[in-house]
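**Q** Below is structure.cif; it holds mmCIF, C-alpha atoms.
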```
data_data
#
loop_
_atom_site.label_atom_id
_atom_site.label_comp_id
_atom_site.auth_asym_id
_atom_site.auth_seq_id
_atom_site.Cartn_x
_atom_site.Cartn_y
_atom_site.Cartn_z
CA MET A 1 -33.34 -145.94 -73.43
CA SER A 2 -30.33 -143.69 -73.72
CA GLU A 3 -28.65 -142.08 -70.75
CA PRO A 4 -29.37 -138.37 -70.32
CA SER A 5 -26.47 -136.30 -71.60
CA LEU A 6 -24.49 -133.91 -69.43
CA LYS A 7 -26.18 -131.11 -71.31
CA ASP A 8 -29.62 -132.44 -70.37
CA MET A 9 -28.60 -132.89 -66.77
CA GLU A 10 -27.32 -129.36 -66.58
CA ARG A 11 -30.54 -128.04 -68.04
CA GLU A 12 -32.62 -130.09 -65.63
CA GLU A 13 -30.59 -128.81 -62.70
CA ILE A 14 -31.30 -125.24 -63.77
CA GLU A 15 -34.98 -126.02 -64.26
CA MET A 16 -35.09 -127.32 -60.71
CA LEU A 17 -33.68 -124.06 -59.39
CA LEU A 18 -35.88 -121.70 -61.40
CA PRO A 19 -38.71 -121.48 -58.82
CA TRP A 20 -36.29 -120.16 -56.23
CA TYR A 21 -34.73 -117.88 -58.81
CA VAL A 22 -38.07 -116.14 -59.37
CA THR A 23 -38.65 -115.73 -55.63
CA GLY A 24 -35.12 -114.47 -55.03
CA ARG A 25 -34.34 -117.22 -52.53
CA LEU A 26 -31.31 -118.86 -54.15
CA ASP A 27 -27.99 -118.84 -52.37
CA ALA A 28 -25.14 -117.00 -54.06
CA ALA A 29 -23.60 -120.05 -55.71
CA ASP A 30 -26.86 -121.30 -57.24
CA LEU A 31 -27.84 -117.78 -58.25
CA ALA A 32 -24.60 -117.37 -60.19
CA LYS A 33 -25.12 -120.78 -61.80
CA VAL A 34 -28.67 -119.94 -62.94
CA GLU A 35 -27.78 -116.48 -64.19
CA ALA A 36 -24.86 -117.82 -66.20
CA TYR A 37 -27.02 -120.51 -67.74
CA LEU A 38 -29.83 -118.12 -68.61
CA ALA A 39 -27.36 -115.73 -70.21
CA ALA A 40 -25.97 -118.53 -72.35
CA HIS A 41 -29.36 -120.04 -73.19
CA PRO A 42 -31.85 -117.29 -74.07
CA GLU A 43 -34.37 -119.96 -75.08
CA MET A 44 -34.83 -120.56 -71.34
CA ALA A 45 -36.62 -117.22 -71.02
CA GLY A 46 -39.88 -119.01 -71.72
CA GLN A 47 -39.28 -121.30 -68.76
CA LEU A 48 -38.77 -118.31 -66.57
CA VAL A 49 -42.10 -116.89 -67.65
CA LEU A 50 -43.79 -120.18 -66.73
CA ALA A 51 -42.31 -120.13 -63.24
CA GLN A 52 -43.28 -116.49 -62.75
CA ALA A 53 -46.86 -117.27 -63.78
CA GLU A 54 -46.92 -120.18 -61.33
CA ARG A 55 -45.70 -117.91 -58.57
CA ASP A 56 -48.24 -115.19 -59.39
CA GLU A 57 -51.17 -117.59 -59.42
CA THR A 58 -50.01 -119.37 -56.27
CA VAL A 59 -49.87 -116.05 -54.48
CA GLY A 60 -53.27 -115.10 -55.90
CA ALA A 61 -54.80 -118.42 -54.85
CA ASN A 62 -53.50 -118.02 -51.31
CA GLU A 63 -54.53 -114.40 -50.95
CA ALA A 64 -58.02 -115.28 -52.16
CA LEU A 65 -58.46 -117.60 -49.19
CA GLY A 66 -58.98 -114.63 -46.90
CA VAL A 67 -58.31 -114.70 -43.20
CA PRO A 68 -59.51 -116.91 -40.36
CA SER A 69 -62.73 -115.85 -38.68
CA PRO A 70 -62.44 -113.61 -35.63
CA ALA A 71 -64.30 -116.30 -33.70
CA ALA A 72 -61.49 -118.78 -34.31
CA THR A 73 -58.93 -116.42 -32.90
CA GLU A 74 -61.16 -115.66 -29.94
CA ARG A 75 -61.43 -119.38 -29.25
CA LEU A 76 -57.67 -119.69 -29.24
CA LEU A 77 -57.14 -116.74 -26.93
CA ALA A 78 -59.93 -117.87 -24.63
CA SER A 79 -58.25 -121.25 -24.30
CA LEU A 80 -55.05 -119.71 -22.98
CA PRO A 81 -54.41 -119.20 -19.31
CA ALA A 82 -55.09 -115.65 -18.13
CA GLY A 83 -52.49 -113.15 -19.35
CA ARG A 84 -50.04 -111.27 -17.23
CA PRO A 85 -51.05 -107.66 -17.66
CA GLY A 86 -48.81 -106.05 -15.07
CA TRP A 87 -45.18 -105.28 -15.78
CA ALA A 88 -44.96 -107.37 -18.92
CA ALA A 89 -47.68 -105.37 -20.62
CA LEU A 90 -46.32 -102.07 -19.41
CA ARG A 91 -42.90 -102.98 -20.79
CA ALA A 92 -44.59 -103.85 -24.08
CA VAL A 93 -46.17 -100.41 -24.33
CA ARG A 94 -42.90 -98.71 -23.42
CA SER A 95 -40.95 -100.66 -26.01
CA GLY A 96 -43.75 -99.81 -28.41
CA LEU A 97 -43.04 -96.12 -27.96
CA GLN A 98 -39.59 -96.83 -29.37
CA GLN A 99 -41.32 -98.31 -32.39
CA ILE A 100 -43.08 -95.02 -33.00
CA GLY A 101 -39.59 -93.71 -33.61
CA ASP A 102 -38.90 -96.59 -35.98
CA LEU A 103 -42.10 -95.93 -37.88
CA LEU A 104 -41.28 -92.25 -37.94
CA ALA A 105 -37.85 -92.94 -39.36
CA ALA A 106 -38.93 -95.48 -41.93
CA PRO A 107 -40.20 -93.21 -44.70
CA THR A 108 -37.11 -91.02 -44.66
CA ALA A 109 -35.05 -93.75 -46.21
CA ASN A 110 -37.31 -94.16 -49.20
CA ALA A 111 -39.19 -90.97 -49.85
CA VAL A 112 -38.51 -87.37 -50.63
CA ARG A 113 -38.13 -84.97 -47.76
CA TRP A 114 -41.57 -83.38 -47.87
CA THR A 115 -43.19 -86.80 -47.63
CA ALA A 116 -41.07 -87.60 -44.64
CA LEU A 117 -41.99 -84.31 -43.04
CA ALA A 118 -45.70 -84.91 -43.59
CA ALA A 119 -45.36 -88.41 -42.22
CA ALA A 120 -43.48 -87.10 -39.21
CA VAL A 121 -46.24 -84.67 -38.39
CA LEU A 122 -48.92 -87.32 -38.65
CA ILE A 123 -46.97 -89.81 -36.60
CA ALA A 124 -46.24 -87.17 -34.02
CA VAL A 125 -49.96 -86.53 -33.73
CA GLN A 126 -50.58 -90.23 -33.30
CA GLY A 127 -47.76 -90.37 -30.79
CA VAL A 128 -49.24 -87.51 -28.80
CA THR A 129 -52.62 -89.24 -28.89
CA ILE A 130 -51.09 -92.42 -27.56
CA VAL A 131 -49.09 -90.67 -24.87
CA SER A 132 -52.19 -88.72 -23.87
CA LEU A 133 -54.15 -91.91 -23.73
CA LEU A 134 -51.58 -93.53 -21.50
CA HIS A 135 -51.48 -90.42 -19.33
CA GLU A 136 -55.24 -90.36 -18.92
CA ARG A 137 -55.27 -93.96 -17.89
CA ALA A 138 -52.22 -93.77 -15.70
CA GLY A 139 -54.23 -94.00 -12.53
CA THR A 140 -56.33 -96.90 -13.63
CA TYR A 141 -53.97 -98.78 -15.92
CA GLN A 142 -54.76 -102.45 -15.79
CA THR A 143 -54.01 -104.05 -19.10
CA ALA A 144 -52.31 -103.28 -22.37
CA SER A 145 -55.60 -103.42 -24.23
CA GLY A 146 -56.36 -99.75 -24.02
CA GLY A 147 -59.32 -97.72 -25.11
CA PRO A 148 -62.74 -97.42 -23.58
CA ALA A 149 -64.61 -100.68 -24.01
CA GLY A 150 -68.12 -100.57 -25.33
CA GLU A 151 -67.69 -97.75 -27.83
CA GLY A 152 -67.51 -98.70 -31.48
CA ILE A 153 -65.52 -101.66 -32.72
CA ALA A 154 -61.92 -102.29 -31.71
CA VAL A 155 -59.47 -104.46 -33.63
CA LEU A 156 -55.73 -105.01 -33.47
CA VAL A 157 -53.59 -104.34 -36.50
CA THR A 158 -49.98 -104.30 -37.57
CA PHE A 159 -48.99 -102.02 -40.39
CA ALA A 160 -46.86 -102.96 -43.38
CA ASP A 161 -43.21 -102.08 -42.90
CA ASP A 162 -43.26 -99.63 -45.79
CA ALA A 163 -46.69 -98.13 -45.06
CA LYS A 164 -46.50 -94.37 -45.06
CA ALA A 165 -48.09 -92.45 -42.21
CA THR A 166 -50.13 -90.46 -44.71
CA ALA A 167 -51.61 -93.65 -46.13
CA ILE A 168 -52.33 -95.01 -42.65
CA SER A 169 -54.00 -91.77 -41.68
CA GLN A 170 -56.10 -91.74 -44.85
CA LEU A 171 -57.21 -95.34 -44.36
CA LEU A 172 -58.23 -94.67 -40.77
CA SER A 173 -60.08 -91.57 -41.85
CA ASP A 174 -61.91 -93.49 -44.60
CA LEU A 175 -63.01 -96.07 -42.06
CA ASP A 176 -63.92 -93.44 -39.47
CA ALA A 177 -61.44 -95.07 -37.13
CA SER A 178 -58.53 -93.98 -35.03
CA ILE A 179 -55.62 -95.49 -33.17
CA VAL A 180 -56.51 -95.80 -29.51
CA ASP A 181 -53.53 -97.77 -28.24
CA GLY A 182 -50.15 -99.08 -29.25
CA PRO A 183 -47.79 -99.85 -30.55
CA LYS A 184 -47.65 -102.94 -28.43
CA ALA A 185 -45.06 -105.66 -28.80
CA GLY A 186 -44.54 -106.57 -32.42
CA GLY A 187 -45.85 -103.20 -33.60
CA VAL A 188 -49.47 -104.02 -32.80
CA TYR A 189 -51.88 -101.09 -32.64
CA LYS A 190 -55.44 -101.08 -31.41
CA ILE A 191 -57.77 -99.09 -33.62
CA ARG A 192 -61.38 -98.26 -32.92
CA GLN A 193 -64.07 -97.54 -35.48
CA ARG A 194 -66.71 -95.07 -34.41
CA THR A 195 -69.98 -96.90 -34.98
CA GLU A 196 -73.05 -97.88 -33.05
CA ASP A 197 -73.22 -101.22 -34.85
CA ARG A 198 -71.12 -103.52 -32.71
CA SER A 199 -72.41 -106.73 -34.25
CA ALA A 200 -70.15 -109.60 -35.26
CA ALA A 201 -70.97 -108.84 -38.88
CA ALA A 202 -69.85 -105.23 -38.53
CA ARG A 203 -66.63 -106.37 -36.87
CA ALA A 204 -66.00 -108.93 -39.60
CA ALA A 205 -66.66 -106.28 -42.25
CA LEU A 206 -64.16 -103.92 -40.66
CA MET A 207 -61.55 -106.67 -40.46
CA GLN A 208 -62.17 -107.56 -44.08
CA GLN A 209 -61.80 -103.94 -45.17
CA LEU A 210 -58.53 -103.68 -43.31
CA SER A 211 -57.16 -106.99 -44.51
CA GLU A 212 -57.86 -106.01 -48.11
CA ARG A 213 -55.45 -103.10 -47.78
CA ARG A 214 -52.32 -105.20 -47.79
CA ASP A 215 -50.29 -102.24 -48.97
CA ILE A 216 -50.92 -100.66 -45.57
CA VAL A 217 -52.08 -103.34 -43.15
CA ARG A 218 -49.98 -106.42 -42.60
CA ALA A 219 -52.31 -108.29 -40.27
CA VAL A 220 -55.64 -107.86 -38.48
CA LEU A 221 -56.68 -109.52 -35.26
CA PRO A 222 -59.85 -109.18 -33.18
CA SER A 223 -59.62 -107.29 -29.94
CA ARG A 224 -61.25 -108.53 -26.78
CA ASP A 225 -63.43 -105.47 -26.37
CA MET B 1 -35.23 -105.02 -36.47
CA SER B 2 -35.97 -107.74 -39.01
CA ARG B 3 -39.19 -109.74 -38.93
CA ALA B 4 -37.26 -112.82 -37.83
CA ALA B 5 -35.59 -110.91 -34.99
CA GLN B 6 -38.94 -109.52 -33.87
CA ASP B 7 -40.44 -113.01 -33.94
CA LEU B 8 -37.54 -114.38 -31.94
CA GLU B 9 -38.07 -111.73 -29.28
CA LEU B 10 -41.80 -112.49 -29.22
CA ILE B 11 -41.15 -116.20 -28.78
CA ARG B 12 -38.74 -115.45 -25.94
CA ARG B 13 -41.49 -113.45 -24.25
CA ILE B 14 -44.12 -116.10 -24.96
CA ALA B 15 -41.86 -118.57 -23.18
CA GLY B 16 -42.24 -116.28 -20.17
CA GLY B 17 -46.02 -116.46 -20.39
CA ASP B 18 -46.57 -113.11 -22.09
CA GLU B 19 -49.96 -113.30 -23.80
CA ALA B 20 -49.50 -109.94 -25.51
CA ALA B 21 -46.49 -111.41 -27.29
CA LEU B 22 -48.59 -114.32 -28.51
CA ARG B 23 -51.19 -111.88 -29.81
CA ALA B 24 -48.46 -110.03 -31.68
CA LEU B 25 -47.12 -113.27 -33.15
CA LEU B 26 -50.66 -114.21 -34.15
CA ALA B 27 -51.17 -110.88 -35.84
CA ALA B 28 -48.02 -111.38 -37.86
CA HIS B 29 -48.50 -115.01 -38.88
CA GLN B 30 -52.04 -116.26 -38.45
CA ALA B 31 -53.28 -115.48 -41.96
CA ARG B 32 -50.39 -117.31 -43.62
CA VAL B 33 -50.65 -120.28 -41.28
CA TYR B 34 -54.39 -120.46 -41.87
CA ARG B 35 -53.98 -120.31 -45.64
CA PHE B 36 -51.25 -122.94 -45.63
CA ALA B 37 -53.46 -125.26 -43.59
CA LEU B 38 -56.54 -124.52 -45.67
CA ARG B 39 -54.74 -125.32 -48.92
CA LEU B 40 -53.81 -128.70 -47.47
CA VAL B 41 -56.93 -129.76 -45.58
CA GLY B 42 -59.46 -128.02 -47.81
CA ASN B 43 -61.94 -127.09 -45.11
CA THR B 44 -62.12 -123.72 -43.40
CA ALA B 45 -63.27 -125.05 -40.03
CA VAL B 46 -60.52 -127.67 -39.95
CA ALA B 47 -57.97 -125.11 -41.12
CA GLU B 48 -58.96 -122.83 -38.23
CA GLU B 49 -58.58 -125.72 -35.82
CA VAL B 50 -55.15 -126.48 -37.25
CA MET B 51 -54.18 -122.83 -36.93
CA ASN B 52 -55.24 -122.77 -33.29
CA GLU B 53 -53.37 -125.99 -32.59
CA VAL B 54 -50.26 -124.46 -34.12
CA PHE B 55 -50.31 -121.38 -31.91
CA LEU B 56 -51.21 -123.41 -28.83
CA GLU B 57 -48.14 -125.51 -29.54
CA VAL B 58 -46.08 -122.35 -29.93
CA TRP B 59 -47.48 -121.13 -26.59
CA ARG B 60 -46.57 -124.39 -24.87
CA ASN B 61 -43.20 -125.02 -26.50
CA ALA B 62 -41.79 -121.54 -26.97
CA GLY B 63 -39.30 -122.23 -24.20
CA ARG B 64 -37.86 -125.13 -26.17
CA PHE B 65 -37.38 -123.17 -29.37
CA GLU B 66 -33.65 -122.87 -29.85
CA GLY B 67 -33.64 -120.54 -32.83
CA ALA B 68 -31.83 -122.96 -35.13
CA SER B 69 -34.29 -121.97 -37.84
CA ALA B 70 -36.33 -118.83 -38.41
CA PRO B 71 -39.44 -118.66 -36.20
CA SER B 72 -41.65 -118.51 -39.29
CA THR B 73 -40.09 -121.75 -40.54
CA TRP B 74 -40.71 -123.37 -37.17
CA ILE B 75 -44.34 -122.23 -37.17
CA LEU B 76 -44.93 -123.50 -40.71
CA SER B 77 -43.29 -126.78 -39.76
CA ILE B 78 -45.79 -127.22 -36.93
CA ALA B 79 -48.60 -126.27 -39.29
CA HIS B 80 -47.48 -128.85 -41.83
CA ASN B 81 -47.30 -131.57 -39.18
CA ARG B 82 -50.76 -130.75 -37.90
CA ALA B 83 -52.33 -130.53 -41.34
CA VAL B 84 -50.76 -133.81 -42.44
CA SER B 85 -52.03 -135.47 -39.26
CA ARG B 86 -55.51 -134.29 -40.10
CA LEU B 87 -55.24 -135.63 -43.64
CA ARG B 88 -53.91 -138.95 -42.35
CA LYS B 89 -56.71 -139.19 -39.84
CA ARG B 90 -59.20 -138.44 -42.54
CA ARG B 91 -57.82 -141.29 -44.66
CA GLU B 92 -57.83 -143.67 -41.70
CA GLU B 93 -61.43 -142.83 -41.04
CA SER B 94 -62.07 -143.85 -44.65
CA TRP B 95 -63.63 -140.64 -45.67
CA ASN B 96 -64.40 -141.87 -49.10
CA GLU B 97 -62.47 -139.24 -50.94
CA ASP B 98 -58.83 -138.69 -51.48
CA ALA B 99 -57.63 -135.49 -49.87
CA ALA B 100 -56.96 -133.92 -53.22
CA ASP B 101 -60.53 -134.52 -54.27
CA ALA B 102 -61.86 -133.18 -51.00
CA LEU B 103 -60.32 -129.80 -51.63
CA PRO B 104 -62.75 -126.97 -52.08
CA ASP B 105 -63.87 -127.14 -55.64
CA SER B 106 -64.87 -123.57 -55.36
CA ALA B 107 -65.21 -122.99 -59.05
CA ASP B 108 -65.37 -124.87 -62.27
CA ASP B 109 -63.43 -127.80 -63.58
CA PRO B 110 -60.39 -126.85 -65.61
CA GLU B 111 -62.28 -127.66 -68.80
CA VAL B 112 -65.05 -125.27 -67.89
CA ALA B 113 -62.61 -122.62 -66.86
CA MET B 114 -60.87 -122.92 -70.18
CA GLN B 115 -64.07 -121.89 -71.85
CA LYS B 116 -63.75 -118.67 -69.99
CA ALA B 117 -60.48 -118.20 -71.80
CA ASP B 118 -58.66 -117.04 -68.71
CA LYS B 119 -55.29 -118.71 -68.65
CA GLY B 120 -54.53 -117.46 -65.16
CA ALA B 121 -57.77 -118.90 -63.83
CA ILE B 122 -57.02 -122.27 -65.41
CA LEU B 123 -53.55 -122.30 -63.88
CA ARG B 124 -55.03 -121.48 -60.48
CA LEU B 125 -57.61 -124.23 -60.77
CA CYS B 126 -54.93 -126.72 -61.74
CA LEU B 127 -52.86 -125.62 -58.74
CA ASP B 128 -55.87 -126.53 -56.64
CA LYS B 129 -55.96 -129.99 -58.21
CA LEU B 130 -52.45 -130.91 -57.10
CA SER B 131 -51.98 -133.45 -54.34
CA PRO B 132 -51.46 -132.03 -50.84
CA GLU B 133 -47.82 -133.08 -51.06
CA HIS B 134 -47.23 -131.13 -54.25
CA LYS B 135 -49.38 -128.26 -53.12
CA ALA B 136 -47.39 -127.90 -49.92
CA VAL B 137 -44.07 -127.59 -51.68
CA ILE B 138 -45.48 -125.19 -54.29
CA ASP B 139 -47.00 -122.96 -51.59
CA LEU B 140 -43.89 -122.98 -49.42
CA VAL B 141 -41.73 -121.93 -52.35
CA TYR B 142 -43.93 -119.49 -54.21
CA TYR B 143 -46.20 -118.01 -51.53
CA HIS B 144 -44.19 -118.33 -48.34
CA GLU B 145 -40.97 -117.71 -50.28
CA LEU B 146 -38.88 -120.20 -48.34
CA SER B 147 -35.43 -121.22 -49.49
CA VAL B 148 -34.57 -124.82 -50.38
CA ASN B 149 -33.09 -125.27 -46.93
CA GLU B 150 -36.14 -123.83 -45.18
CA VAL B 151 -38.56 -126.01 -47.17
CA SER B 152 -36.37 -128.95 -46.21
CA GLU B 153 -36.84 -128.04 -42.53
CA VAL B 154 -40.60 -127.63 -42.80
CA LEU B 155 -41.21 -130.84 -44.73
CA LYS B 156 -38.42 -132.74 -43.00
CA ILE B 157 -36.97 -134.07 -46.23
CA PRO B 158 -33.47 -133.66 -47.72
CA GLU B 159 -32.75 -130.59 -49.82
CA ASN B 160 -32.33 -132.64 -53.01
CA THR B 161 -35.75 -134.16 -52.40
CA VAL B 162 -37.18 -130.68 -52.04
CA LYS B 163 -35.85 -129.78 -55.47
CA THR B 164 -37.10 -132.94 -57.14
CA ARG B 165 -40.48 -132.72 -55.41
CA MET B 166 -40.90 -129.18 -56.65
CA PHE B 167 -39.81 -130.27 -60.10
CA TYR B 168 -42.37 -133.07 -60.21
CA ALA B 169 -45.08 -130.82 -58.77
CA ARG B 170 -44.49 -128.45 -61.67
CA LYS B 171 -44.49 -131.32 -64.14
CA ARG B 172 -47.78 -132.53 -62.70
CA LEU B 173 -49.12 -129.01 -63.07
CA SER B 174 -48.17 -129.08 -66.74
CA GLU B 175 -50.02 -132.39 -67.15
CA LEU B 176 -53.13 -130.96 -65.53
CA LEU B 177 -52.93 -127.91 -67.75
CA LYS B 178 -52.54 -130.10 -70.80
CA GLY B 179 -55.63 -132.00 -69.76
CA ALA B 180 -57.42 -128.67 -69.65
CA GLY B 181 -56.24 -127.84 -73.13
CA VAL B 182 -53.29 -125.61 -72.23
CA ASP B 183 -49.96 -126.86 -73.53
CA ARG B 184 -47.17 -124.99 -71.81
CA GLY B 185 -44.51 -126.57 -73.97
CA TRP B 186 -42.77 -127.90 -70.88
CA PRO B 187 -41.50 -130.39 -69.96
#
```
With the file now loaded, output its structure as structure tokens.
**A**
Amino acid sequence: MSEPSLKDMEREEIEMLLPWYVTGRLDAADLAKVEAYLAAHPEMAGQLVLAQAERDETVGANEALGVPSPAATERLLASLPAGRPGWAALRAVRSGLQQIGDLLAAPTANAVRWTALAAAVLIAVQGVTIVSLLHERAGTYQTASGGPAGEGIAVLVTFADDAKATAISQLLSDLDASIVDGPKAGGVYKIRQRTEDRSAAARAALMQQLSERRDIVRAVLPSRD
Amino acid sequence: MSRAAQDLELIRRIAGGDEAALRALLAAHQARVYRFALRLVGNTAVAEEVMNEVFLEVWRNAGRFEGASAPSTWILSIAHNRAVSRLRKRREESWNEDAADALPDSADDPEVAMQKADKGAILRLCLDKLSPEHKAVIDLVYYHELSVNEVSEVLKIPENTVKTRMFYARKRLSELLKGAGVDRGWP
């Protein structure tokens, strides 16, 4: 058996790096090495296509697995010691108000001005709603899990970093839901769907609907009420 | 604030016993942790247990997290450990199937899928047929988009081993595809 040539070794080294090339996770030195090799060896384009297809199907396979059941998350949370609602939670809500500003600012970097203005109005409305909510509950504030329990279905969500306020508003409208609290730490909002069906199936359906909108919703978590 | 910086702040607060911070961390990571575990252990109930074990460990050990790696890398590292422990336990208990065979055979065999003439579907089915070891590295690279260094931290193997393991996982994928009638022309 003959020894692999330097040429073969170089090619194999590039082949080993291709998966990270397609995900954009190479460091600068390796990136330069791969780009130079690809430029000099156009026949490698086919290899790149293979790696991209692998990535696409791996992502598809993972996304198709769905999300854990709300019951599993409830079990986890129930197994924790009781939370500390007092100052820690209040601080979380206060820091969350800063995140309204972040969310408000986000579209301006990427969109035309009118879009930003529309987003600003919608976010401002949400902000007013939240502030009003906090004001109403000021005398009875106990936990960070706001909203009247027992009405509709509540779930916790975080929105995608690049989700526009208009899209968020439309999604909530489509689901007959509204933000009732947040943002809490980590940009978590509580939303409540107006429905009389508070069954586990209805809750799971709502969570599924939200989790399918990955362009808007980054994560969905059951709420305790 | 970047995702990693947000996570770091959440972990700092979790170390102080802040349950709201754990909920926020869960919201950000639970789906990916669950999917990573499910791809390895192949059972939704076990994957949920693994996921809960991961976040319980985060809850308990947040104070020891030094931030040497990204929080998401740390969390995936715990998930990998827990999932591998489950697989090992399963083997020790002589569950009569190899872990790879115990994976959810949710659809057809590759040969059947080929008849459907959907190349993407065949590729996905063959991805499902990889060993847990190969599947883990493929998922960490392509789905979780970790760098070589980060995969090395999660799997606790040298960086060169990460590259060769990924290389051989892809070669194995080509073999499986060939067995299903799809010749990729590589290697």
**Q** Given the PyMOL selection byres ((chain B and resi 70-84) around 9) and the file above, list the residues it selects as an mmCIF file with C-alpha atoms, in the frame of the given file.
**A**
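Written output follows (result-v3.cif):
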```
data_model
loop_
_atom_site.group_PDB
_atom_site.id
_atom_site.type_symbol
_atom_site.label_atom_id
_atom_site.label_comp_id
_atom_site.auth_asym_id
_atom_site.auth_seq_id
_atom_site.Cartn_x
_atom_site.Cartn_y
_atom_site.Cartn_z
ATOM 1 C CA ALA B 4 -37.260 -112.820 -37.830
ATOM 2 C CA ALA B 5 -35.590 -110.910 -34.990
ATOM 3 C CA ASP B 7 -40.440 -113.010 -33.940
ATOM 4 C CA LEU B 8 -37.540 -114.380 -31.940
ATOM 5 C CA ILE B 11 -41.150 -116.200 -28.780
ATOM 6 C CA HIS B 29 -48.500 -115.010 -38.880
ATOM 7 C CA ARG B 32 -50.390 -117.310 -43.620
ATOM 8 C CA VAL B 33 -50.650 -120.280 -41.280
ATOM 9 C CA TYR B 34 -54.390 -120.460 -41.870
ATOM 10 C CA PHE B 36 -51.250 -122.940 -45.630
ATOM 11 C CA ALA B 37 -53.460 -125.260 -43.590
ATOM 12 C CA LEU B 38 -56.540 -124.520 -45.670
ATOM 13 C CA LEU B 40 -53.810 -128.700 -47.470
ATOM 14 C CA VAL B 41 -56.930 -129.760 -45.580
ATOM 15 C CA VAL B 46 -60.520 -127.670 -39.950
ATOM 16 C CA ALA B 47 -57.970 -125.110 -41.120
ATOM 17 C CA VAL B 50 -55.150 -126.480 -37.250
ATOM 18 C CA MET B 51 -54.180 -122.830 -36.930
ATOM 19 C CA GLU B 53 -53.370 -125.990 -32.590
ATOM 20 C CA VAL B 54 -50.260 -124.460 -34.120
ATOM 21 C CA PHE B 55 -50.310 -121.380 -31.910
ATOM 22 C CA GLU B 57 -48.140 -125.510 -29.540
ATOM 23 C CA VAL B 58 -46.080 -122.350 -29.930
ATOM 24 C CA PHE B 65 -37.380 -123.170 -29.370
ATOM 25 C CA GLY B 67 -33.640 -120.540 -32.830
ATOM 26 C CA ALA B 68 -31.830 -122.960 -35.130
ATOM 27 C CA SER B 69 -34.290 -121.970 -37.840
ATOM 28 C CA SER B 85 -52.030 -135.470 -39.260
ATOM 29 C CA ARG B 86 -55.510 -134.290 -40.100
ATOM 30 C CA LEU B 87 -55.240 -135.630 -43.640
ATOM 31 C CA ARG B 88 -53.910 -138.950 -42.350
ATOM 32 C CA LYS B 89 -56.710 -139.190 -39.840
ATOM 33 C CA PRO B 132 -51.460 -132.030 -50.840
ATOM 34 C CA ALA B 136 -47.390 -127.900 -49.920
ATOM 35 C CA LEU B 140 -43.890 -122.980 -49.420
ATOM 36 C CA LEU B 146 -38.880 -120.200 -48.340
ATOM 37 C CA GLU B 150 -36.140 -123.830 -45.180
ATOM 38 C CA VAL B 151 -38.560 -126.010 -47.170
ATOM 39 C CA GLU B 153 -36.840 -128.040 -42.530
ATOM 40 C CA VAL B 154 -40.600 -127.630 -42.800
ATOM 41 C CA LEU B 155 -41.210 -130.840 -44.730
ATOM 42 C CA LYS B 156 -38.420 -132.740 -43.000
#
```
**Q** The PyMOL selection byres ((chain B) within 6 of (chain A)) on the file shown: which residues, as number ranges by chain?
**A** B: 19, 24, 27-28, 31, 52, 124, 142-143, 147, 163, 167
**Q** Once the PyMOL selection byres ((chain B and resi 169) around 12) is applied to the coordinates I shared, what remains selected? I want it as a PyMOL selection string.
**A** (chain A and resi 16+19+51+54) or (chain B and resi 126-139+141+161-168+170-176+187)
**Q** Taking into account all atoms listed in the file, which residue in the set A:Leu38, A:Val49, A:Ile191, A:Leu175 is nearest to Gly185 (chain B)?
**A**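 So, comparing all the options, the nearest one is A:Val49.
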**Q** What is the distance, in Å and to one decimal place, between CA of Val180 (chain A) and CA of Ile216 (chain A)?
**A**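 CA of Val180 (chain A) sits 17.7 Å away from CA of Ile216 (chain A).
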**Q** CA of Thr44 (chain B) to CA of Leu171 (chain A): how many Å, to one decimal?
**A** 28.8 Å
**Q** I'd like the interatomic distance between CA of Gln193 (chain A) and CA of Leu210 (chain A), to a tenth of an Å.
**A** 11.4 Å
